[in-house]
file model.cif (mmCIF, N, CA and C atoms)
data_run
loop_
_atom_site.label_atom_id
_atom_site.label_comp_id
_atom_site.auth_asym_id
_atom_site.auth_seq_id
_atom_site.Cartn_x
_atom_site.Cartn_y
_atom_site.Cartn_z
N GLN I 1360 -81.73 39.65 1.90
CA GLN I 1360 -82.15 40.04 3.25
C GLN I 1360 -81.51 41.38 3.59
N LEU I 1361 -82.34 42.32 4.05
CA LEU I 1361 -81.85 43.63 4.42
C LEU I 1361 -81.20 43.57 5.80
N GLN I 1362 -79.98 44.06 5.89
CA GLN I 1362 -79.26 43.93 7.15
C GLN I 1362 -78.32 45.11 7.36
N LEU I 1363 -78.23 45.55 8.62
CA LEU I 1363 -77.23 46.52 9.04
C LEU I 1363 -76.34 45.85 10.06
N VAL I 1364 -75.05 46.07 9.96
CA VAL I 1364 -74.10 45.47 10.88
C VAL I 1364 -73.16 46.53 11.40
N GLU I 1365 -73.17 46.70 12.73
CA GLU I 1365 -72.24 47.64 13.37
C GLU I 1365 -70.96 46.91 13.76
N SER I 1366 -69.87 47.66 13.76
CA SER I 1366 -68.59 47.13 14.21
C SER I 1366 -67.74 48.28 14.74
N GLY I 1367 -66.65 47.92 15.41
CA GLY I 1367 -65.73 48.94 15.89
C GLY I 1367 -65.81 49.23 17.37
N GLY I 1368 -66.77 48.63 18.05
CA GLY I 1368 -66.86 48.83 19.49
C GLY I 1368 -65.72 48.15 20.22
N GLY I 1369 -65.62 48.45 21.51
CA GLY I 1369 -64.57 47.83 22.30
C GLY I 1369 -64.38 48.57 23.61
N LEU I 1370 -63.27 48.24 24.25
CA LEU I 1370 -62.91 48.86 25.53
C LEU I 1370 -61.91 49.99 25.28
N VAL I 1371 -62.19 51.14 25.85
CA VAL I 1371 -61.32 52.29 25.67
C VAL I 1371 -61.25 53.06 26.98
N GLN I 1372 -60.13 53.68 27.24
CA GLN I 1372 -59.99 54.49 28.45
C GLN I 1372 -60.66 55.85 28.26
N PRO I 1373 -61.08 56.47 29.35
CA PRO I 1373 -61.62 57.83 29.24
C PRO I 1373 -60.63 58.74 28.52
N GLY I 1374 -61.18 59.55 27.63
CA GLY I 1374 -60.35 60.42 26.80
C GLY I 1374 -59.93 59.80 25.49
N GLY I 1375 -60.16 58.51 25.34
CA GLY I 1375 -59.77 57.81 24.13
C GLY I 1375 -60.78 57.97 23.00
N SER I 1376 -60.50 57.28 21.90
CA SER I 1376 -61.32 57.38 20.69
C SER I 1376 -61.66 56.00 20.13
N LEU I 1377 -62.78 55.95 19.46
CA LEU I 1377 -63.19 54.77 18.71
C LEU I 1377 -63.92 55.25 17.46
N ARG I 1378 -63.87 54.43 16.42
CA ARG I 1378 -64.68 54.70 15.24
C ARG I 1378 -65.59 53.51 15.00
N LEU I 1379 -66.88 53.77 15.03
CA LEU I 1379 -67.87 52.74 14.74
C LEU I 1379 -68.21 52.77 13.25
N SER I 1380 -68.49 51.60 12.72
CA SER I 1380 -68.93 51.48 11.33
C SER I 1380 -70.30 50.83 11.29
N CYS I 1381 -71.07 51.22 10.31
CA CYS I 1381 -72.39 50.63 10.06
C CYS I 1381 -72.43 50.26 8.59
N ALA I 1382 -72.41 48.97 8.32
CA ALA I 1382 -72.38 48.49 6.94
C ALA I 1382 -73.71 47.85 6.60
N ALA I 1383 -74.15 48.06 5.38
CA ALA I 1383 -75.43 47.53 4.92
C ALA I 1383 -75.22 46.39 3.93
N SER I 1384 -76.13 45.45 3.99
CA SER I 1384 -76.17 44.39 2.97
C SER I 1384 -77.61 44.18 2.56
N GLY I 1385 -77.81 43.89 1.29
CA GLY I 1385 -79.16 43.66 0.79
C GLY I 1385 -79.87 44.91 0.33
N PHE I 1386 -79.28 46.08 0.58
CA PHE I 1386 -79.84 47.33 0.09
C PHE I 1386 -78.74 48.39 0.09
N THR I 1387 -79.01 49.49 -0.61
CA THR I 1387 -78.01 50.56 -0.69
C THR I 1387 -78.36 51.66 0.30
N LEU I 1388 -77.37 52.03 1.10
CA LEU I 1388 -77.59 53.03 2.13
C LEU I 1388 -77.83 54.42 1.58
N ASP I 1389 -77.41 54.68 0.34
CA ASP I 1389 -77.49 56.06 -0.14
C ASP I 1389 -78.92 56.51 -0.40
N ASP I 1390 -79.89 55.64 -0.19
CA ASP I 1390 -81.29 56.05 -0.25
C ASP I 1390 -81.85 56.43 1.12
N TYR I 1391 -81.03 56.26 2.17
CA TYR I 1391 -81.56 56.37 3.52
C TYR I 1391 -80.78 57.34 4.38
N ALA I 1392 -81.50 57.95 5.30
CA ALA I 1392 -80.85 58.60 6.43
C ALA I 1392 -80.40 57.52 7.40
N ILE I 1393 -79.32 57.79 8.10
CA ILE I 1393 -78.80 56.84 9.09
C ILE I 1393 -78.73 57.53 10.44
N GLY I 1394 -79.24 56.84 11.42
CA GLY I 1394 -79.16 57.34 12.79
C GLY I 1394 -78.29 56.45 13.64
N TRP I 1395 -77.61 57.06 14.59
CA TRP I 1395 -76.87 56.31 15.60
C TRP I 1395 -77.59 56.50 16.94
N PHE I 1396 -77.78 55.40 17.62
CA PHE I 1396 -78.44 55.39 18.91
C PHE I 1396 -77.58 54.62 19.90
N ARG I 1397 -77.85 54.82 21.17
CA ARG I 1397 -77.15 54.04 22.19
C ARG I 1397 -78.09 53.72 23.33
N GLN I 1398 -77.77 52.64 24.01
CA GLN I 1398 -78.59 52.22 25.14
C GLN I 1398 -77.69 51.67 26.23
N ALA I 1399 -77.75 52.31 27.37
CA ALA I 1399 -77.02 51.86 28.54
C ALA I 1399 -77.93 50.98 29.39
N PRO I 1400 -77.38 50.11 30.21
CA PRO I 1400 -78.21 49.24 31.05
C PRO I 1400 -79.19 50.04 31.90
N GLY I 1401 -80.45 49.63 31.86
CA GLY I 1401 -81.46 50.28 32.66
C GLY I 1401 -81.95 51.60 32.12
N LYS I 1402 -81.49 51.99 30.95
CA LYS I 1402 -81.90 53.28 30.37
C LYS I 1402 -82.58 53.06 29.03
N GLU I 1403 -83.32 54.06 28.61
CA GLU I 1403 -83.96 54.00 27.30
C GLU I 1403 -82.93 54.25 26.19
N ARG I 1404 -83.27 53.73 25.03
CA ARG I 1404 -82.41 53.99 23.88
C ARG I 1404 -82.52 55.46 23.50
N GLU I 1405 -81.37 56.10 23.28
CA GLU I 1405 -81.37 57.52 22.96
C GLU I 1405 -80.65 57.79 21.65
N GLY I 1406 -81.12 58.80 20.95
CA GLY I 1406 -80.48 59.19 19.71
C GLY I 1406 -79.19 59.94 19.96
N VAL I 1407 -78.16 59.60 19.22
CA VAL I 1407 -76.84 60.22 19.36
C VAL I 1407 -76.57 61.16 18.20
N SER I 1408 -76.86 60.68 17.00
CA SER I 1408 -76.55 61.47 15.81
C SER I 1408 -77.33 60.92 14.64
N CYS I 1409 -77.48 61.72 13.60
CA CYS I 1409 -78.07 61.23 12.36
C CYS I 1409 -77.45 61.99 11.19
N ILE I 1410 -77.53 61.38 10.03
CA ILE I 1410 -76.96 61.98 8.83
C ILE I 1410 -77.87 61.70 7.65
N SER I 1411 -78.03 62.70 6.80
CA SER I 1411 -78.90 62.55 5.64
C SER I 1411 -78.26 61.64 4.60
N SER I 1412 -79.05 61.25 3.62
CA SER I 1412 -78.58 60.30 2.60
C SER I 1412 -77.36 60.83 1.83
N SER I 1413 -77.33 62.14 1.60
CA SER I 1413 -76.22 62.74 0.87
C SER I 1413 -75.02 63.04 1.76
N GLY I 1414 -75.26 63.06 3.06
CA GLY I 1414 -74.22 63.47 4.00
C GLY I 1414 -74.20 64.96 4.24
N GLY I 1415 -75.10 65.68 3.60
CA GLY I 1415 -75.08 67.13 3.71
C GLY I 1415 -75.67 67.68 4.99
N THR I 1416 -76.45 66.88 5.69
CA THR I 1416 -77.07 67.31 6.94
C THR I 1416 -76.75 66.30 8.03
N ALA I 1417 -76.34 66.80 9.17
CA ALA I 1417 -76.08 65.94 10.32
C ALA I 1417 -76.54 66.64 11.59
N HIS I 1418 -76.98 65.86 12.54
CA HIS I 1418 -77.41 66.38 13.83
C HIS I 1418 -76.74 65.57 14.93
N TYR I 1419 -76.58 66.23 16.09
CA TYR I 1419 -75.95 65.56 17.22
C TYR I 1419 -76.71 65.89 18.50
N ALA I 1420 -76.77 64.91 19.38
CA ALA I 1420 -77.28 65.17 20.72
C ALA I 1420 -76.31 66.12 21.43
N ASP I 1421 -76.84 66.93 22.32
CA ASP I 1421 -75.99 67.89 23.04
C ASP I 1421 -74.87 67.18 23.81
N SER I 1422 -75.16 65.98 24.28
CA SER I 1422 -74.19 65.26 25.10
C SER I 1422 -72.95 64.83 24.33
N VAL I 1423 -73.02 64.81 22.99
CA VAL I 1423 -71.87 64.35 22.20
C VAL I 1423 -71.37 65.41 21.24
N LYS I 1424 -72.05 66.54 21.18
CA LYS I 1424 -71.68 67.58 20.24
C LYS I 1424 -70.25 68.06 20.51
N GLY I 1425 -69.47 68.15 19.44
CA GLY I 1425 -68.08 68.54 19.57
C GLY I 1425 -67.13 67.40 19.82
N ARG I 1426 -67.66 66.23 20.14
CA ARG I 1426 -66.81 65.06 20.40
C ARG I 1426 -67.03 63.96 19.36
N PHE I 1427 -68.25 63.82 18.87
CA PHE I 1427 -68.59 62.78 17.91
C PHE I 1427 -68.79 63.41 16.53
N THR I 1428 -68.43 62.66 15.51
CA THR I 1428 -68.63 63.09 14.13
C THR I 1428 -69.18 61.93 13.31
N VAL I 1429 -70.30 62.18 12.65
CA VAL I 1429 -70.90 61.17 11.78
C VAL I 1429 -70.51 61.48 10.34
N SER I 1430 -70.25 60.43 9.57
CA SER I 1430 -69.91 60.59 8.16
C SER I 1430 -70.37 59.35 7.40
N ARG I 1431 -70.34 59.43 6.11
CA ARG I 1431 -70.76 58.28 5.32
C ARG I 1431 -69.95 58.20 4.05
N ASP I 1432 -69.78 56.97 3.58
CA ASP I 1432 -69.14 56.70 2.30
C ASP I 1432 -70.12 55.82 1.53
N ASN I 1433 -70.92 56.44 0.73
CA ASN I 1433 -71.96 55.69 0.01
C ASN I 1433 -71.37 54.69 -0.98
N ALA I 1434 -70.19 54.97 -1.48
CA ALA I 1434 -69.54 54.03 -2.40
C ALA I 1434 -69.21 52.72 -1.68
N LYS I 1435 -68.96 52.82 -0.37
CA LYS I 1435 -68.67 51.61 0.42
C LYS I 1435 -69.90 51.11 1.17
N ASN I 1436 -71.03 51.82 0.97
CA ASN I 1436 -72.27 51.42 1.65
C ASN I 1436 -72.09 51.37 3.16
N THR I 1437 -71.39 52.36 3.68
CA THR I 1437 -71.01 52.36 5.10
C THR I 1437 -71.14 53.76 5.68
N VAL I 1438 -71.60 53.80 6.93
CA VAL I 1438 -71.67 55.05 7.70
C VAL I 1438 -70.78 54.88 8.92
N TYR I 1439 -70.16 55.98 9.34
CA TYR I 1439 -69.21 55.94 10.44
C TYR I 1439 -69.63 56.88 11.56
N LEU I 1440 -69.21 56.55 12.76
CA LEU I 1440 -69.36 57.45 13.90
C LEU I 1440 -67.99 57.51 14.59
N GLN I 1441 -67.32 58.64 14.41
CA GLN I 1441 -66.04 58.87 15.06
C GLN I 1441 -66.31 59.44 16.44
N MET I 1442 -65.81 58.77 17.45
CA MET I 1442 -66.07 59.18 18.84
C MET I 1442 -64.74 59.51 19.50
N ASN I 1443 -64.59 60.77 19.86
CA ASN I 1443 -63.38 61.24 20.53
C ASN I 1443 -63.69 61.70 21.95
N SER I 1444 -62.65 61.84 22.73
CA SER I 1444 -62.79 62.32 24.12
C SER I 1444 -63.88 61.55 24.85
N LEU I 1445 -63.83 60.25 24.75
CA LEU I 1445 -64.88 59.42 25.34
C LEU I 1445 -64.91 59.54 26.86
N LYS I 1446 -66.12 59.48 27.38
CA LYS I 1446 -66.37 59.61 28.81
C LYS I 1446 -67.04 58.34 29.33
N PRO I 1447 -66.95 58.08 30.61
CA PRO I 1447 -67.64 56.90 31.16
C PRO I 1447 -69.14 56.90 30.85
N GLU I 1448 -69.74 58.07 30.74
CA GLU I 1448 -71.18 58.12 30.44
C GLU I 1448 -71.50 57.76 29.00
N ASP I 1449 -70.49 57.60 28.16
CA ASP I 1449 -70.70 57.13 26.79
C ASP I 1449 -70.79 55.61 26.71
N ASP I 1450 -70.53 54.96 27.81
CA ASP I 1450 -70.56 53.50 27.88
C ASP I 1450 -71.98 53.00 27.57
N ALA I 1451 -72.13 52.21 26.49
CA ALA I 1451 -73.46 51.75 26.06
C ALA I 1451 -73.30 50.80 24.87
N VAL I 1452 -74.41 50.18 24.50
CA VAL I 1452 -74.48 49.48 23.22
C VAL I 1452 -74.93 50.50 22.18
N TYR I 1453 -74.18 50.57 21.09
CA TYR I 1453 -74.47 51.53 20.03
C TYR I 1453 -75.10 50.81 18.84
N TYR I 1454 -76.17 51.42 18.33
CA TYR I 1454 -76.91 50.87 17.21
C TYR I 1454 -76.96 51.86 16.07
N CYS I 1455 -76.95 51.35 14.84
CA CYS I 1455 -77.27 52.21 13.71
C CYS I 1455 -78.62 51.77 13.15
N ALA I 1456 -79.28 52.70 12.49
CA ALA I 1456 -80.60 52.44 11.95
C ALA I 1456 -80.77 53.23 10.66
N ALA I 1457 -81.58 52.71 9.76
CA ALA I 1457 -81.85 53.36 8.48
C ALA I 1457 -83.30 53.78 8.42
N GLY I 1458 -83.52 54.99 7.90
CA GLY I 1458 -84.88 55.50 7.79
C GLY I 1458 -85.01 56.46 6.62
N PRO I 1459 -86.20 56.98 6.40
CA PRO I 1459 -86.42 57.89 5.27
C PRO I 1459 -85.63 59.18 5.43
N ASP I 1460 -85.14 59.68 4.33
CA ASP I 1460 -84.25 60.84 4.37
C ASP I 1460 -84.91 62.08 4.97
N ALA I 1461 -86.22 62.19 4.82
CA ALA I 1461 -86.92 63.39 5.29
C ALA I 1461 -86.79 63.61 6.79
N ILE I 1462 -86.50 62.58 7.55
CA ILE I 1462 -86.44 62.75 9.00
C ILE I 1462 -85.26 63.59 9.44
N THR I 1463 -84.28 63.79 8.59
CA THR I 1463 -83.12 64.59 8.99
C THR I 1463 -83.36 66.08 8.88
N THR I 1464 -84.53 66.48 8.40
CA THR I 1464 -84.79 67.91 8.29
C THR I 1464 -84.98 68.55 9.67
N VAL I 1465 -85.36 67.75 10.64
CA VAL I 1465 -85.59 68.26 11.99
C VAL I 1465 -84.87 67.35 12.98
N GLN I 1466 -83.99 67.90 13.79
CA GLN I 1466 -83.21 67.08 14.71
C GLN I 1466 -84.11 66.30 15.66
N ALA I 1467 -85.17 66.92 16.13
CA ALA I 1467 -86.03 66.24 17.10
C ALA I 1467 -86.68 65.00 16.51
N ILE I 1468 -86.82 64.96 15.19
CA ILE I 1468 -87.41 63.80 14.53
C ILE I 1468 -86.36 62.74 14.30
N CYS I 1469 -85.17 63.14 13.89
CA CYS I 1469 -84.18 62.14 13.48
C CYS I 1469 -83.59 61.39 14.67
N VAL I 1470 -83.85 61.82 15.89
CA VAL I 1470 -83.37 61.07 17.05
C VAL I 1470 -84.48 60.21 17.67
N GLU I 1471 -85.60 60.09 17.00
CA GLU I 1471 -86.70 59.27 17.48
C GLU I 1471 -86.60 57.86 16.90
N THR I 1472 -86.58 56.86 17.74
CA THR I 1472 -86.40 55.49 17.25
C THR I 1472 -87.53 55.05 16.34
N ARG I 1473 -88.73 55.55 16.54
CA ARG I 1473 -89.88 55.08 15.76
C ARG I 1473 -89.81 55.51 14.31
N GLU I 1474 -88.92 56.42 13.97
CA GLU I 1474 -88.82 56.91 12.59
C GLU I 1474 -87.99 55.99 11.71
N TYR I 1475 -87.35 54.99 12.28
CA TYR I 1475 -86.41 54.17 11.52
C TYR I 1475 -86.98 52.79 11.22
N ASP I 1476 -86.62 52.28 10.05
CA ASP I 1476 -87.19 51.04 9.55
C ASP I 1476 -86.30 49.82 9.78
N TYR I 1477 -85.00 50.03 9.71
CA TYR I 1477 -84.05 48.90 9.81
C TYR I 1477 -83.03 49.20 10.89
N TRP I 1478 -82.70 48.16 11.64
CA TRP I 1478 -81.78 48.30 12.77
C TRP I 1478 -80.69 47.25 12.71
N GLY I 1479 -79.50 47.64 13.19
CA GLY I 1479 -78.45 46.67 13.39
C GLY I 1479 -78.58 46.01 14.75
N GLN I 1480 -77.65 45.10 15.04
CA GLN I 1480 -77.71 44.32 16.27
C GLN I 1480 -76.97 44.99 17.42
N GLY I 1481 -76.19 46.01 17.12
CA GLY I 1481 -75.51 46.78 18.15
C GLY I 1481 -74.07 46.34 18.37
N THR I 1482 -73.28 47.28 18.86
CA THR I 1482 -71.89 47.00 19.23
C THR I 1482 -71.60 47.68 20.57
N GLN I 1483 -70.92 46.97 21.45
CA GLN I 1483 -70.69 47.46 22.80
C GLN I 1483 -69.50 48.42 22.83
N VAL I 1484 -69.70 49.56 23.47
CA VAL I 1484 -68.61 50.50 23.74
C VAL I 1484 -68.48 50.60 25.25
N THR I 1485 -67.31 50.28 25.74
CA THR I 1485 -67.04 50.33 27.17
C THR I 1485 -65.94 51.34 27.43
N VAL I 1486 -66.24 52.33 28.26
CA VAL I 1486 -65.27 53.37 28.59
C VAL I 1486 -64.90 53.21 30.06
N SER I 1487 -63.68 52.78 30.28
CA SER I 1487 -63.28 52.47 31.65
C SER I 1487 -61.77 52.47 31.76
N GLN I 1488 -61.31 52.75 33.01
CA GLN I 1488 -59.89 52.66 33.27
C GLN I 1488 -59.46 51.19 33.35
#

call {"tool": "encode", "arguments": {"input": "model.cif", "output": "structure tokens"}}
result
Amino acid sequence: QLQLVESGGGLVQPGGSLRLSCAASGFTLDDYAIGWFRQAPGKEREGVSCISSSGGTAHYADSVKGRFTVSRDNAKNTVYLQMNSLKPEDDAVYYCAAGPDAITTVQAICVETREYDYWGQGTQVTVSQ
């Protein structure tokens, strides 16, 4: 069974850091681009970042650029999202998704949810005092 599992969410104070992980089972991630998305209550799911299968290309939403870093370790079949300088507006459920590598050639494509084939169940990130 093909599955993505996110972990690493939790409660953090503004200005703090978290590292999210996205682990795959049933397939190898190194064939796929991975996207990170988030969804806050009452809002649409939005693309945060994406990374190509090799890790050579990455894109970020303007709202997280300079604060978030996406990386991958294909040997561990895991992709990471390092989140620094967290703000209350980062509070959301974070999802990872796997899709065809070609979508990372254009940022506007790789942040579109419809481009991805497999999704995790999400992990909650709460930024609060």

call {"tool": "closest_atom_pairs", "arguments": {"input": "model.cif", "of": "stretch 1393-1430 of chain I", "to": "stretch 1471-1474 of chain I", "cutoff": "8 Å", "atoms": "all atoms listed in the file", "output": "CSV"}}
result
residue,atom,partner,partner_atom,distance
I:Arg1404,C,I:Thr1472,N,7.2
I:Glu1405,C,I:Thr1472,N,7.2
I:Gly1406,CA,I:Glu1471,N,5.9
I:Val1407,N,I:Glu1471,N,7.8

call {"tool": "resolve_selection", "arguments": {"input": "model.cif", "expression": "the PyMOL selection byres ((chain I and resi 1484) around 7)", "output": "PyMOL selection string"}}
result
chain I and resi 1368-1371+1449-1453+1482-1483+1485-1486

call {"tool": "write_last_selection", "arguments": {"input": "model.cif", "atoms": "N, CA and C atoms", "output": "PDB file, in the frame of the given file"}}
result
ATOM      1  N   GLY I1368     -66.770  48.630  18.050  1.00  0.00           N
ATOM      2  CA  GLY I1368     -66.860  48.830  19.490  1.00  0.00           C
ATOM      3  C   GLY I1368     -65.720  48.150  20.220  1.00  0.00           C
ATOM      4  N   GLY I1369     -65.620  48.450  21.510  1.00  0.00           N
ATOM      5  CA  GLY I1369     -64.570  47.830  22.300  1.00  0.00           C
ATOM      6  C   GLY I1369     -64.380  48.570  23.610  1.00  0.00           C
ATOM      7  N   LEU I1370     -63.270  48.240  24.250  1.00  0.00           N
ATOM      8  CA  LEU I1370     -62.910  48.860  25.530  1.00  0.00           C
ATOM      9  C   LEU I1370     -61.910  49.990  25.280  1.00  0.00           C
ATOM     10  N   VAL I1371     -62.190  51.140  25.850  1.00  0.00           N
ATOM     11  CA  VAL I1371     -61.320  52.290  25.670  1.00  0.00           C
ATOM     12  C   VAL I1371     -61.250  53.060  26.980  1.00  0.00           C
ATOM     13  N   ASP I1449     -70.490  57.600  28.160  1.00  0.00           N
ATOM     14  CA  ASP I1449     -70.700  57.130  26.790  1.00  0.00           C
ATOM     15  C   ASP I1449     -70.790  55.610  26.710  1.00  0.00           C
ATOM     16  N   ASP I1450     -70.530  54.960  27.810  1.00  0.00           N
ATOM     17  CA  ASP I1450     -70.560  53.500  27.880  1.00  0.00           C
ATOM     18  C   ASP I1450     -71.980  53.000  27.570  1.00  0.00           C
ATOM     19  N   ALA I1451     -72.130  52.210  26.490  1.00  0.00           N
ATOM     20  CA  ALA I1451     -73.460  51.750  26.060  1.00  0.00           C
ATOM     21  C   ALA I1451     -73.300  50.800  24.870  1.00  0.00           C
ATOM     22  N   VAL I1452     -74.410  50.180  24.500  1.00  0.00           N
ATOM     23  CA  VAL I1452     -74.480  49.480  23.220  1.00  0.00           C
ATOM     24  C   VAL I1452     -74.930  50.500  22.180  1.00  0.00           C
ATOM     25  N   TYR I1453     -74.180  50.570  21.090  1.00  0.00           N
ATOM     26  CA  TYR I1453     -74.470  51.530  20.030  1.00  0.00           C
ATOM     27  C   TYR I1453     -75.100  50.810  18.840  1.00  0.00           C
ATOM     28  N   THR I1482     -73.280  47.280  18.860  1.00  0.00           N
ATOM     29  CA  THR I1482     -71.890  47.000  19.230  1.00  0.00           C
ATOM     30  C   THR I1482     -71.600  47.680  20.570  1.00  0.00           C
ATOM     31  N   GLN I1483     -70.920  46.970  21.450  1.00  0.00           N
ATOM     32  CA  GLN I1483     -70.690  47.460  22.800  1.00  0.00           C
ATOM     33  C   GLN I1483     -69.500  48.420  22.830  1.00  0.00           C
ATOM     34  N   THR I1485     -67.310  50.280  25.740  1.00  0.00           N
ATOM     35  CA  THR I1485     -67.040  50.330  27.170  1.00  0.00           C
ATOM     36  C   THR I1485     -65.940  51.340  27.430  1.00  0.00           C
ATOM     37  N   VAL I1486     -66.240  52.330  28.260  1.00  0.00           N
ATOM     38  CA  VAL I1486     -65.270  53.370  28.590  1.00  0.00           C
ATOM     39  C   VAL I1486     -64.900  53.210  30.060  1.00  0.00           C
TER      40      VAL I1486
END

call {"tool": "select_by_dssp", "arguments": {"input": "model.cif", "residues": "chain I", "states": "strand (DSSP E)", "output": "ChimeraX atom specification"}}
result
/I:1362-1366,1369-1371,1377-1384,1392-1398,1405-1410,1417-1419,1427-1432,1437-1442,1451-1458,1477-1478,1482-1486

call {"tool": "closest_atom_pairs", "arguments": {"input": "model.cif", "of": "stretch 1374-1411 of chain I", "to": "stretch 1426-1444 of chain I", "cutoff": "9 Å", "atoms": "only C-alpha atoms", "output": "JSON lines"}}
result
{"residue": "I:Gly1374", "atom": "CA", "partner": "I:Ser1444", "partner_atom": "CA", "distance": 4.1}
{"residue": "I:Gly1375", "atom": "CA", "partner": "I:Ser1444", "partner_atom": "CA", "distance": 5.4}
{"residue": "I:Ser1376", "atom": "CA", "partner": "I:Asn1443", "partner_atom": "CA", "distance": 4.4}
{"residue": "I:Leu1377", "atom": "CA", "partner": "I:Met1442", "partner_atom": "CA", "distance": 5.3}
{"residue": "I:Arg1378", "atom": "CA", "partner": "I:Gln1441", "partner_atom": "CA", "distance": 4.4}
{"residue": "I:Leu1379", "atom": "CA", "partner": "I:Leu1440", "partner_atom": "CA", "distance": 5.0}
{"residue": "I:Ser1380", "atom": "CA", "partner": "I:Tyr1439", "partner_atom": "CA", "distance": 4.6}
{"residue": "I:Cys1381", "atom": "CA", "partner": "I:Val1438", "partner_atom": "CA", "distance": 5.1}
{"residue": "I:Ala1382", "atom": "CA", "partner": "I:Thr1437", "partner_atom": "CA", "distance": 4.5}
{"residue": "I:Ala1383", "atom": "CA", "partner": "I:Asn1436", "partner_atom": "CA", "distance": 6.0}
{"residue": "I:Ser1384", "atom": "CA", "partner": "I:Asn1436", "partner_atom": "CA", "distance": 8.1}
{"residue": "I:Phe1386", "atom": "CA", "partner": "I:Asn1436", "partner_atom": "CA", "distance": 8.7}
{"residue": "I:Thr1387", "atom": "CA", "partner": "I:Asn1436", "partner_atom": "CA", "distance": 6.3}
{"residue": "I:Leu1388", "atom": "CA", "partner": "I:Asn1436", "partner_atom": "CA", "distance": 5.6}
{"residue": "I:Asp1389", "atom": "CA", "partner": "I:Asn1433", "partner_atom": "CA", "distance": 5.5}
{"residue": "I:Ile1393", "atom": "CA", "partner": "I:Val1438", "partner_atom": "CA", "distance": 7.5}
{"residue": "I:Trp1395", "atom": "CA", "partner": "I:Leu1440", "partner_atom": "CA", "distance": 7.8}
{"residue": "I:Val1407", "atom": "CA", "partner": "I:Phe1427", "partner_atom": "CA", "distance": 8.8}
{"residue": "I:Ser1408", "atom": "CA", "partner": "I:Val1429", "partner_atom": "CA", "distance": 6.9}
{"residue": "I:Cys1409", "atom": "CA", "partner": "I:Val1429", "partner_atom": "CA", "distance": 7.2}
{"residue": "I:Ile1410", "atom": "CA", "partner": "I:Val1429", "partner_atom": "CA", "distance": 6.8}

call {"tool": "residues_near_point", "arguments": {"input": "model.cif", "point": "(-83.2, 53.0, 14.3)", "cutoff": "7 Å", "atoms": "only C-alpha atoms", "output": "ChimeraX atom specification"}}
result
/I:1394,1455-1457,1472,1475-1478

call {"tool": "write_last_selection", "arguments": {"input": "model.cif", "atoms": "N, CA and C atoms", "output": "PDB file, keeping the file's coordinate frame"}}
result
ATOM      1  N   GLY I1394     -79.240  56.840  11.420  1.00  0.00           N
ATOM      2  CA  GLY I1394     -79.160  57.340  12.790  1.00  0.00           C
ATOM      3  C   GLY I1394     -78.290  56.450  13.640  1.00  0.00           C
ATOM      4  N   CYS I1455     -76.950  51.350  14.840  1.00  0.00           N
ATOM      5  CA  CYS I1455     -77.270  52.210  13.710  1.00  0.00           C
ATOM      6  C   CYS I1455     -78.620  51.770  13.150  1.00  0.00           C
ATOM      7  N   ALA I1456     -79.280  52.700  12.490  1.00  0.00           N
ATOM      8  CA  ALA I1456     -80.600  52.440  11.950  1.00  0.00           C
ATOM      9  C   ALA I1456     -80.770  53.230  10.660  1.00  0.00           C
ATOM     10  N   ALA I1457     -81.580  52.710   9.760  1.00  0.00           N
ATOM     11  CA  ALA I1457     -81.850  53.360   8.480  1.00  0.00           C
ATOM     12  C   ALA I1457     -83.300  53.780   8.420  1.00  0.00           C
ATOM     13  N   THR I1472     -86.580  56.860  17.740  1.00  0.00           N
ATOM     14  CA  THR I1472     -86.400  55.490  17.250  1.00  0.00           C
ATOM     15  C   THR I1472     -87.530  55.050  16.340  1.00  0.00           C
ATOM     16  N   TYR I1475     -87.350  54.990  12.280  1.00  0.00           N
ATOM     17  CA  TYR I1475     -86.410  54.170  11.520  1.00  0.00           C
ATOM     18  C   TYR I1475     -86.980  52.790  11.220  1.00  0.00           C
ATOM     19  N   ASP I1476     -86.620  52.280  10.050  1.00  0.00           N
ATOM     20  CA  ASP I1476     -87.190  51.040   9.550  1.00  0.00           C
ATOM     21  C   ASP I1476     -86.300  49.820   9.780  1.00  0.00           C
ATOM     22  N   TYR I1477     -85.000  50.030   9.710  1.00  0.00           N
ATOM     23  CA  TYR I1477     -84.050  48.900   9.810  1.00  0.00           C
ATOM     24  C   TYR I1477     -83.030  49.200  10.890  1.00  0.00           C
ATOM     25  N   TRP I1478     -82.700  48.160  11.640  1.00  0.00           N
ATOM     26  CA  TRP I1478     -81.780  48.300  12.770  1.00  0.00           C
ATOM     27  C   TRP I1478     -80.690  47.250  12.710  1.00  0.00           C
TER      28      TRP I1478
END

call {"tool": "atom_distance", "arguments": {"input": "model.cif", "atom1": "atom C of I:Tyr1391", "atom2": "atom CA of I:Ser1366"}}
result
18.7 Å

call {"tool": "closest_residue", "arguments": {"input": "model.cif", "among": "I:Gln1466, I:Gln1362, I:Gln1398, I:Ser1487", "to": "I:Pro1447", "atoms": "only N, CA and C atoms"}}
result
I:Ser1487

call {"tool": "closest_residue", "arguments": {"input": "model.cif", "among": "I:Gly1479, I:Thr1463, I:Cys1469, I:Gln1488", "to": "I:Thr1416", "atoms": "all atoms listed in the file"}}
result
I:Thr1463

call {"tool": "select_by_dssp", "arguments": {"input": "model.cif", "residues": "chain I", "states": "helix (DSSP H, G or I)", "output": "list in words"}}
result
Leu1388, Asp1389, Asp1390, Asn1433, Ala1434, Lys1435, Pro1447, Glu1448, Asp1449, Asp1460, Ala1461, Ile1462, Thr1463, Thr1464, Gln1466, Ala1467, Ile1468, Cys1469, Thr1472, Arg1473 and Glu1474 of chain I

call {"tool": "atom_distance", "arguments": {"input": "model.cif", "atom1": "atom CA of I:Leu1445", "atom2": "atom CA of I:Ala1399"}}
result
14.7 Å

call {"tool": "closest_residue", "arguments": {"input": "model.cif", "among": "I:Lys1424, I:Tyr1454, I:Ser1412, I:Ile1468", "to": "I:Phe1396", "atoms": "only C-alpha atoms"}}
result
I:Tyr1454

call {"tool": "atom_distance", "arguments": {"input": "model.cif", "atom1": "atom N of I:Asp1460", "atom2": "atom C of I:Asp1390"}}
result
5.6 Å
